[in-house]
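Reproduced below: entry02.cif, with mmCIF, C-alpha atoms and all ligand atoms.
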data_protein
#
loop_
_atom_site.label_atom_id
_atom_site.label_comp_id
_atom_site.auth_asym_id
_atom_site.auth_seq_id
_atom_site.Cartn_x
_atom_site.Cartn_y
_atom_site.Cartn_z
CA MET B 1 75.02 -3.89 44.19
CA PRO B 2 73.37 -1.21 42.01
CA ASP B 3 75.21 2.03 41.42
CA LEU B 4 73.36 5.14 42.42
CA PRO B 5 71.48 6.64 39.49
CA ALA B 6 73.76 8.95 37.56
CA ALA B 7 71.02 11.48 36.84
CA ALA B 8 72.05 15.06 37.51
CA ALA B 9 69.36 15.39 40.14
CA HIS B 10 70.43 18.91 40.92
CA PRO B 11 71.69 20.74 37.87
CA ALA B 12 73.92 23.63 38.86
CA PRO B 13 71.70 26.68 39.45
CA ALA B 14 72.58 29.91 37.66
CA ASP B 15 73.15 31.85 40.88
CA PRO B 16 73.81 29.37 43.68
CA ILE B 17 74.06 30.68 47.21
CA VAL B 18 76.73 28.07 47.91
CA ASP B 19 79.28 27.07 45.28
CA VAL B 20 81.93 24.58 46.36
CA ARG B 21 84.53 23.18 43.94
CA GLY B 22 87.27 20.64 44.56
CA LEU B 23 87.22 21.55 48.24
CA GLY B 24 89.78 19.94 50.51
CA ARG B 25 91.05 20.45 54.03
CA SER B 26 93.86 18.51 55.68
CA PHE B 27 95.20 18.59 59.20
CA THR B 28 98.60 17.47 60.43
CA VAL B 29 98.35 15.53 63.66
CA SER B 30 101.15 14.38 65.94
CA GLU B 31 100.83 10.91 67.37
CA GLY B 32 102.66 8.56 69.68
CA PRO B 33 104.76 8.99 72.85
CA PHE B 34 106.72 12.21 73.43
CA LEU B 35 110.13 11.26 72.04
CA ARG B 36 108.82 9.08 69.26
CA ARG B 37 106.12 11.40 67.95
CA THR B 38 105.18 10.88 64.32
CA ARG B 39 103.23 13.25 62.16
CA ARG B 40 100.32 12.17 60.04
CA THR B 41 98.12 14.06 57.61
CA VAL B 42 94.36 13.68 58.03
CA HIS B 43 92.37 14.49 54.90
CA ALA B 44 89.21 15.65 56.67
CA VAL B 45 87.61 16.84 53.41
CA ALA B 46 88.86 15.81 49.97
CA ASP B 47 87.74 17.07 46.56
CA VAL B 48 84.17 17.91 47.55
CA GLY B 49 82.03 19.80 45.05
CA PHE B 50 78.40 20.92 45.16
CA THR B 51 76.14 23.90 44.70
CA VAL B 52 73.08 24.90 46.69
CA PRO B 53 70.36 26.95 44.98
CA ARG B 54 68.66 29.77 46.84
CA GLY B 55 65.63 28.66 48.82
CA ALA B 56 66.66 25.00 49.21
CA ILE B 57 66.85 22.94 52.39
CA VAL B 58 69.75 20.52 52.06
CA GLY B 59 70.92 17.90 54.55
CA TYR B 60 74.62 17.07 54.87
CA LEU B 61 74.99 13.63 56.39
CA GLY B 62 77.83 11.32 57.27
CA PRO B 63 79.12 9.06 60.01
CA ASN B 64 81.27 10.43 62.86
CA GLY B 65 84.49 11.95 61.62
CA ALA B 66 83.30 12.04 57.99
CA GLY B 67 84.11 15.73 57.50
CA LYS B 68 80.75 17.45 58.03
CA SER B 69 81.82 20.03 60.60
CA THR B 70 85.04 20.74 58.72
CA THR B 71 82.99 21.51 55.60
CA MET B 72 80.63 23.77 57.57
CA LYS B 73 83.60 25.58 59.11
CA MET B 74 84.98 26.28 55.62
CA LEU B 75 81.59 27.48 54.41
CA THR B 76 81.34 29.92 57.30
CA GLY B 77 84.94 31.15 57.11
CA ILE B 78 86.12 29.63 60.41
CA LEU B 79 88.63 27.46 58.52
CA SER B 80 90.46 28.11 55.25
CA PRO B 81 90.46 25.37 52.62
CA SER B 82 93.71 23.51 51.87
CA SER B 83 92.55 23.18 48.26
CA GLY B 84 89.64 24.11 46.04
CA THR B 85 87.26 27.04 46.27
CA VAL B 86 84.20 28.01 48.29
CA ARG B 87 81.84 30.86 47.56
CA VAL B 88 78.91 31.65 49.79
CA ALA B 89 76.52 34.44 48.84
CA GLY B 90 79.13 35.45 46.27
CA LEU B 91 81.82 35.88 48.94
CA GLU B 92 84.98 33.97 49.82
CA PRO B 93 84.27 32.95 53.43
CA ALA B 94 87.76 32.80 54.96
CA ARG B 95 88.83 36.12 53.38
CA GLN B 96 85.55 38.01 53.70
CA ARG B 97 84.32 36.64 56.99
CA THR B 98 82.90 39.88 58.38
CA ARG B 99 80.95 40.67 55.22
CA LEU B 100 79.74 37.09 55.09
CA ALA B 101 78.56 37.22 58.71
CA ALA B 102 76.01 39.85 57.70
CA ARG B 103 74.58 37.51 55.05
CA ILE B 104 74.45 34.17 56.86
CA GLY B 105 73.29 32.78 60.18
CA VAL B 106 75.20 29.96 61.85
CA VAL B 107 74.22 27.64 64.69
CA PHE B 108 76.51 24.93 65.99
CA GLY B 109 74.20 22.74 68.06
CA GLN B 110 76.86 21.74 70.54
CA ARG B 111 77.96 25.32 71.28
CA THR B 112 76.10 28.49 72.07
CA THR B 113 76.79 32.00 70.81
CA LEU B 114 74.71 33.46 73.64
CA TRP B 115 76.23 35.11 76.70
CA TRP B 116 76.04 32.48 79.40
CA ASP B 117 75.46 34.84 82.35
CA LEU B 118 73.02 37.24 80.71
CA PRO B 119 69.26 36.90 80.47
CA LEU B 120 68.35 35.67 76.98
CA ARG B 121 66.76 39.03 76.16
CA ASP B 122 70.00 40.93 76.87
CA SER B 123 72.06 38.43 74.97
CA LEU B 124 69.81 38.88 71.94
CA ALA B 125 70.00 42.65 72.32
CA LEU B 126 73.80 42.46 72.08
CA THR B 127 73.70 40.54 68.79
CA ARG B 128 72.10 43.61 67.23
CA HIS B 129 75.41 45.44 67.62
CA LEU B 130 77.42 42.56 66.20
CA TYR B 131 75.49 42.75 62.96
CA HIS B 132 74.76 46.50 63.00
CA VAL B 133 71.03 45.92 62.68
CA PRO B 134 68.92 49.13 62.94
CA ALA B 135 67.02 49.22 66.26
CA THR B 136 63.55 49.21 64.66
CA ASP B 137 64.35 46.22 62.40
CA HIS B 138 65.84 44.39 65.36
CA ALA B 139 62.78 45.04 67.54
CA ARG B 140 60.41 43.88 64.80
CA ARG B 141 62.40 40.71 64.04
CA LEU B 142 62.78 39.94 67.74
CA ALA B 143 59.02 40.26 68.25
CA GLU B 144 58.35 37.94 65.27
CA LEU B 145 60.89 35.33 66.35
CA THR B 146 59.75 35.52 70.00
CA GLU B 147 56.27 34.64 68.86
CA LEU B 148 57.27 31.94 66.37
CA LEU B 149 59.72 30.24 68.73
CA GLU B 150 57.66 30.92 71.86
CA LEU B 151 60.53 32.59 73.70
CA GLY B 152 58.28 34.78 75.89
CA PRO B 153 58.30 32.65 79.06
CA PHE B 154 62.10 32.54 79.30
CA LEU B 155 63.33 35.81 77.75
CA ARG B 156 64.33 37.05 81.23
CA THR B 157 66.07 33.80 82.23
CA PRO B 158 69.89 33.71 82.26
CA VAL B 159 71.14 31.57 79.39
CA ARG B 160 72.92 29.17 81.76
CA GLN B 161 69.53 28.23 83.29
CA LEU B 162 67.81 27.45 79.99
CA SER B 163 67.00 23.90 78.96
CA LEU B 164 68.79 22.63 75.87
CA GLY B 165 65.65 23.11 73.76
CA GLN B 166 65.12 26.66 75.03
CA ARG B 167 68.76 27.50 74.42
CA MET B 168 68.58 26.17 70.88
CA ARG B 169 65.54 28.36 70.22
CA GLY B 170 67.56 31.29 71.61
CA ASP B 171 70.54 30.43 69.41
CA LEU B 172 68.33 30.21 66.34
CA THR B 173 66.88 33.62 67.15
CA ALA B 174 70.38 35.10 67.56
CA ALA B 175 71.35 33.64 64.18
CA LEU B 176 68.27 35.03 62.44
CA LEU B 177 67.89 38.53 63.89
CA HIS B 178 69.80 40.06 60.97
CA ASP B 179 67.57 38.20 58.48
CA PRO B 180 70.29 36.14 56.75
CA GLU B 181 69.85 34.60 53.30
CA LEU B 182 71.48 31.35 54.36
CA LEU B 183 71.21 29.49 57.65
CA VAL B 184 73.96 26.95 58.35
CA LEU B 185 73.08 24.50 61.11
CA ASP B 186 75.47 21.94 62.56
CA GLU B 187 73.39 19.35 64.43
CA PRO B 188 70.48 21.64 65.30
CA THR B 189 68.45 19.02 67.14
CA ILE B 190 71.22 17.18 68.95
CA GLY B 191 70.18 16.11 72.44
CA LEU B 192 66.66 17.53 72.16
CA ASP B 193 63.48 15.73 73.17
CA VAL B 194 60.82 14.82 70.63
CA VAL B 195 58.69 17.92 71.21
CA SER B 196 61.62 20.34 71.00
CA LYS B 197 62.84 18.65 67.82
CA SER B 198 59.43 18.99 66.27
CA THR B 199 59.16 22.68 67.27
CA ILE B 200 62.51 23.43 65.65
CA ARG B 201 61.74 21.47 62.49
CA GLU B 202 58.36 23.14 61.98
CA PHE B 203 59.95 26.53 62.58
CA LEU B 204 62.66 25.87 59.97
CA LEU B 205 60.07 24.78 57.41
CA LYS B 206 58.12 27.95 58.02
CA LEU B 207 61.22 30.11 57.80
CA ASN B 208 62.12 28.51 54.48
CA ALA B 209 58.60 28.72 53.05
CA GLU B 210 57.80 32.24 54.17
CA ARG B 211 61.14 34.05 53.97
CA GLY B 212 62.84 31.84 51.38
CA THR B 213 65.82 31.36 53.71
CA THR B 214 68.18 28.70 52.35
CA ILE B 215 69.04 26.09 54.97
CA LEU B 216 72.05 23.79 54.99
CA LEU B 217 72.20 21.43 57.93
CA THR B 218 74.34 18.60 59.18
CA THR B 219 72.59 16.03 61.28
CA HIS B 220 72.76 12.49 62.56
CA ASP B 221 69.00 12.58 63.06
CA LEU B 222 67.27 11.16 60.02
CA GLY B 223 63.99 12.49 61.37
CA ASP B 224 65.41 15.95 60.56
CA VAL B 225 66.20 14.80 57.05
CA GLU B 226 62.83 13.21 56.41
CA ARG B 227 60.88 16.18 57.72
CA LEU B 228 63.03 18.96 56.28
CA CYS B 229 65.13 17.98 53.29
CA ARG B 230 64.27 16.96 49.79
CA ARG B 231 67.93 16.77 48.93
CA VAL B 232 70.71 15.11 50.88
CA MET B 233 74.42 14.95 50.47
CA VAL B 234 76.32 12.17 52.16
CA ILE B 235 80.00 12.58 52.97
CA ASP B 236 82.17 9.68 54.04
CA HIS B 237 85.92 9.72 54.73
CA GLY B 238 85.98 13.31 53.53
CA ARG B 239 84.50 12.54 50.11
CA LEU B 240 81.05 13.18 48.77
CA ALA B 241 79.44 9.77 48.44
CA PHE B 242 75.96 10.82 47.40
CA ASP B 243 74.15 13.96 46.30
CA GLY B 244 70.56 13.61 45.29
CA ASP B 245 67.01 13.62 46.49
CA ILE B 246 65.64 11.33 49.15
CA ALA B 247 63.76 9.26 46.55
CA ALA B 248 67.03 8.58 44.67
CA LEU B 249 68.68 7.64 47.95
CA ARG B 250 65.89 5.19 48.69
CA ASP B 251 66.09 3.80 45.15
CA SER B 252 69.77 3.10 45.73
CA ALA B 253 68.98 0.87 48.69
CA PRO B 254 69.46 -2.84 48.34
CA ALA B 255 66.45 -3.29 50.63
CA PRO B 256 63.44 -3.72 48.30
CA ARG B 257 60.19 -1.84 48.43
CA THR B 258 57.26 -3.90 49.61
CA LEU B 259 53.70 -3.78 48.38
CA VAL B 260 51.15 -4.83 51.00
CA VAL B 261 47.99 -6.05 49.26
CA ASP B 262 44.67 -6.54 51.06
CA LEU B 263 42.50 -8.76 48.89
CA ALA B 264 38.73 -9.06 49.13
CA ALA B 265 39.22 -12.73 50.13
CA PRO B 266 42.18 -15.05 50.88
CA THR B 267 43.77 -16.49 47.74
CA ALA B 268 46.89 -18.40 46.74
CA PRO B 269 50.12 -16.33 46.71
CA ILE B 270 49.95 -13.75 43.94
CA THR B 271 52.28 -14.26 40.98
CA VAL B 272 52.92 -11.20 38.84
CA ALA B 273 55.94 -10.03 36.87
CA GLY B 274 58.28 -7.74 38.81
CA ALA B 275 57.22 -8.92 42.27
CA ARG B 276 57.64 -11.87 44.59
CA CYS B 277 55.15 -12.87 47.27
CA VAL B 278 57.10 -13.16 50.53
CA ALA B 279 54.26 -13.60 53.08
CA VAL B 280 50.56 -14.36 53.24
CA GLU B 281 48.28 -13.78 56.23
CA GLY B 282 44.61 -14.37 55.45
CA PRO B 283 43.57 -11.91 52.73
CA ARG B 284 46.80 -9.85 53.20
CA GLN B 285 49.87 -10.53 51.08
CA TRP B 286 53.36 -8.93 51.05
CA LEU B 287 55.04 -8.57 47.65
CA GLU B 288 58.70 -7.58 47.34
CA LEU B 289 59.11 -5.41 44.27
CA ASP B 290 61.94 -5.41 41.80
CA ALA B 291 60.05 -3.42 39.18
CA ASN B 292 58.15 -0.17 38.97
CA PRO B 293 55.37 -0.25 41.63
CA ALA B 294 52.80 1.21 39.20
CA ALA B 295 53.22 -1.71 36.76
CA VAL B 296 52.96 -4.28 39.57
CA ILE B 297 49.91 -2.58 41.09
CA ALA B 298 48.20 -2.54 37.69
CA ALA B 299 48.97 -6.24 37.17
CA VAL B 300 47.70 -7.19 40.65
CA ALA B 301 44.51 -5.13 40.25
CA ALA B 302 43.85 -6.68 36.80
CA GLU B 303 43.86 -10.21 38.20
CA HIS B 304 42.50 -9.82 41.75
CA GLU B 305 39.80 -8.02 43.66
CA VAL B 306 41.84 -5.62 45.78
CA ALA B 307 40.43 -3.97 48.95
CA ASP B 308 43.53 -1.90 49.80
CA LEU B 309 47.18 -1.40 48.81
CA THR B 310 50.11 0.12 50.70
CA LEU B 311 53.59 0.72 49.35
CA ARG B 312 56.30 0.43 52.01
CA GLU B 313 59.53 2.27 51.25
CA PRO B 314 62.75 1.00 52.81
CA ASP B 315 63.41 2.74 56.09
CA ILE B 316 65.67 5.77 55.53
CA GLU B 317 67.79 4.80 58.56
CA GLU B 318 68.54 1.46 56.91
CA VAL B 319 69.29 3.08 53.58
CA VAL B 320 71.79 5.52 55.04
CA ALA B 321 73.42 2.91 57.28
CA ASP B 322 73.83 0.73 54.21
CA LEU B 323 75.39 3.59 52.26
CA TYR B 324 77.95 4.15 55.04
CA ARG B 325 78.80 0.44 55.00
CA ARG B 326 79.31 0.17 51.25
CA PRO B 327 82.88 0.32 49.98
CA ALA B 328 83.49 3.67 48.27
CA GLY B 329 83.86 2.10 44.81
CA GLU B 330 80.40 0.60 44.96
CA ARG B 331 78.51 3.71 45.80
CA GLY B 332 78.54 5.55 42.55
CA ARG B 333 78.55 9.28 42.91
CA ILE B 334 76.20 11.99 41.94
CA THR B 335 77.23 15.57 42.20
CA ALA B 336 75.17 18.60 41.50
N1 LIG B 401 91.47 20.67 64.16
C1 LIG B 401 91.67 19.42 63.78
N2 LIG B 401 92.88 18.86 63.90
C2 LIG B 401 93.11 17.58 63.51
N3 LIG B 401 92.16 16.78 62.97
C3 LIG B 401 90.93 17.28 62.84
C4 LIG B 401 90.60 18.62 63.23
N4 LIG B 401 89.29 18.85 62.98
C5 LIG B 401 88.81 17.70 62.45
N5 LIG B 401 89.78 16.76 62.37
C6 LIG B 401 89.66 15.40 61.83
O1 LIG B 401 89.03 15.50 60.56
C7 LIG B 401 88.10 14.44 60.39
C8 LIG B 401 86.71 15.02 60.11
O2 LIG B 401 86.24 15.67 61.28
P1 LIG B 401 84.84 16.45 61.34
O3 LIG B 401 84.74 17.06 62.70
O4 LIG B 401 84.71 17.34 60.17
O5 LIG B 401 83.83 15.24 61.19
P2 LIG B 401 82.23 15.20 61.39
O6 LIG B 401 81.69 14.52 60.18
O7 LIG B 401 81.73 16.55 61.71
O8 LIG B 401 82.11 14.23 62.65
P3 LIG B 401 81.03 14.16 63.86
O9 LIG B 401 79.77 13.64 63.27
O10 LIG B 401 81.67 13.19 64.78
O11 LIG B 401 80.94 15.56 64.41
C9 LIG B 401 88.18 13.59 61.64
O12 LIG B 401 89.09 12.55 61.40
C10 LIG B 401 88.72 14.55 62.68
O13 LIG B 401 89.43 13.87 63.67
#
Give the structure from the file, written as structure tokens.
Amino acid sequence: MPDLPAAAAHPAPADPIVDVRGLGRSFTVSEGPFLRRTRRTVHAVADVGFTVPRGAIVGYLGPNGAGKSTTMKMLTGILSPSSGTVRVAGLEPARQRTRLAARIGVVFGQRTTLWWDLPLRDSLALTRHLYHVPATDHARRLAELTELLELGPFLRTPVRQLSLGQRMRGDLTAALLHDPELLVLDEPTIGLDVVSKSTIREFLLKLNAERGTTILLTTHDLGDVERLCRRVMVIDHGRLAFDGDIAALRDSAPAPRTLVVDLAAPTAPITVAGARCVAVEGPRQWLELDANPAAVIAAVAAEHEVADLTLREPDIEEVVADLYRRPAGERGRITA
């Protein structure tokens, strides 16, 4: 099994918006029947380190119970670390939570920060006071976000009557009205239909491109990762198992890349160095690659009349599932 490439894919930026070093968080849990209770320590996050440069969109992935939410709670000051340090926008989240709140926006997809019984518009008006946003700035931002997230048709609807997708758009607006530098999202598309997911993803891309807002998100939805993130971090059993770009993650996959070659006419299975013909159907052949695709493509084109070529990357779902399955010692580790 190949180790992940050890390249420092993300050299530490000079002024990272997130700087996490040796971060750990443990919980003590009581188990068993009443009179025979035993106590056990759960290491939800252990020795995690990474930095996030300003303007990045980074995905934080991991199987259930891996430690994603615990990390996000430490980044946003909801939980204090048991060990290590966290700095976000130059602040120490657990100690400077109020100051940090003015600099970051947070959305936990499974919970809402909106007032359940109030119309969305009133709920958003109240967030202005939480963050002490001047009325004119608030009105301007609300108008912009209402347009971008198409909130108009349901601004007067009580939050409890909103669909999940509408509520998420409302929660994103509430998190962004004070124009934060960093947006932390925990499962932003959970439970949403395809159209709502797409609306949210396109909005986040626009927010990042136009305002330079840094986005850190946890997700189980690899569609989010593929559309939004160039860099992913994978946490498993509380430890960082991978930190690199999507291409490096794909390269780490045991599943090979496949080159689909459409020849001008049917021929015998192609034999070139660095590839193995695994299927032939008329003029189309499938070559599994174990070398650089460019070299194989050049070799195929030199010897055959090629009508078309397609390079198939391993499916990201497969790659991530494989990473979760690999024993920790076999994964290698890249940290920024
Ligand atoms: N308050 C707590 N008390 C005890 N154990 C906790 C607490 N919060 C989290 N844990 C444990 O820490 C581990 C990591 O949990 P966490 O919620 O961070 O995982 P996650 O990656 O966000 O999972 P999921 O994808 O299921 O939301 C789990 O074993 C969980 O049971």
Could I get the residue neighbourhood of ligand LIG 401 (chain B) at 6 Å, counting only C-alpha atoms and all ligand atoms, as a PyMOL selection string?
chain B and resi 27+29+44+62-70
Each residue of stretch 204-246 of chain B with at least one atom at most 12 Å from stretch 89-107 of chain B should appear once, together with its nearest atom pair and the corresponding distance in Å (one decimal); atoms considered: all atoms listed in the file; ordering: chain, then increasing residue number; output as JSON lines.
{"residue": "B:Thr213", "atom": "CA", "partner": "B:Ile104", "partner_atom": "CA", "distance": 9.6}
{"residue": "B:Thr214", "atom": "CA", "partner": "B:Ile104", "partner_atom": "CA", "distance": 9.5}
{"residue": "B:Ile215", "atom": "CA", "partner": "B:Gly105", "partner_atom": "CA", "distance": 9.5}
{"residue": "B:Leu216", "atom": "CA", "partner": "B:Val106", "partner_atom": "CA", "distance": 9.7}
{"residue": "B:Leu217", "atom": "CA", "partner": "B:Val107", "partner_atom": "CA", "distance": 9.4}
{"residue": "B:Thr218", "atom": "CA", "partner": "B:Val107", "partner_atom": "CA", "distance": 10.6}
Please identify all polymer residues within 9 Å of B:His132, counting all atoms listed in the file, omitting same-chain residues fewer than 3 positions from it, and present them as a PyMOL selection string.
chain B and resi 102+127-129+135+178
Residues of the last selection are to be written out with C-alpha atoms, as a PDB file, in the frame of the given file.
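Result file part_11.pdb:
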ATOM      1  CA  ALA B 102      76.010  39.850  57.700  1.00  0.00           C
ATOM      2  CA  THR B 127      73.700  40.540  68.790  1.00  0.00           C
ATOM      3  CA  ARG B 128      72.100  43.610  67.230  1.00  0.00           C
ATOM      4  CA  HIS B 129      75.410  45.440  67.620  1.00  0.00           C
ATOM      5  CA  ALA B 135      67.020  49.220  66.260  1.00  0.00           C
ATOM      6  CA  HIS B 178      69.800  40.060  60.970  1.00  0.00           C
TER       7      HIS B 178
END
Minimum-distance residue to B:Thr136, chosen among B:Cys277, B:Leu118, B:Leu177, B:Val319 (using all atoms listed in the file):
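When distances to B:Thr136 are compared using all atoms listed in the file, the smallest one comes from B:Leu177.
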Given only C-alpha atoms as the counted atoms, nearest of B:Arg121, B:His43, B:Arg211, B:Arg239 to B:Leu142:
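Answer, going by the shortest atom-to-atom distance: B:Arg121.
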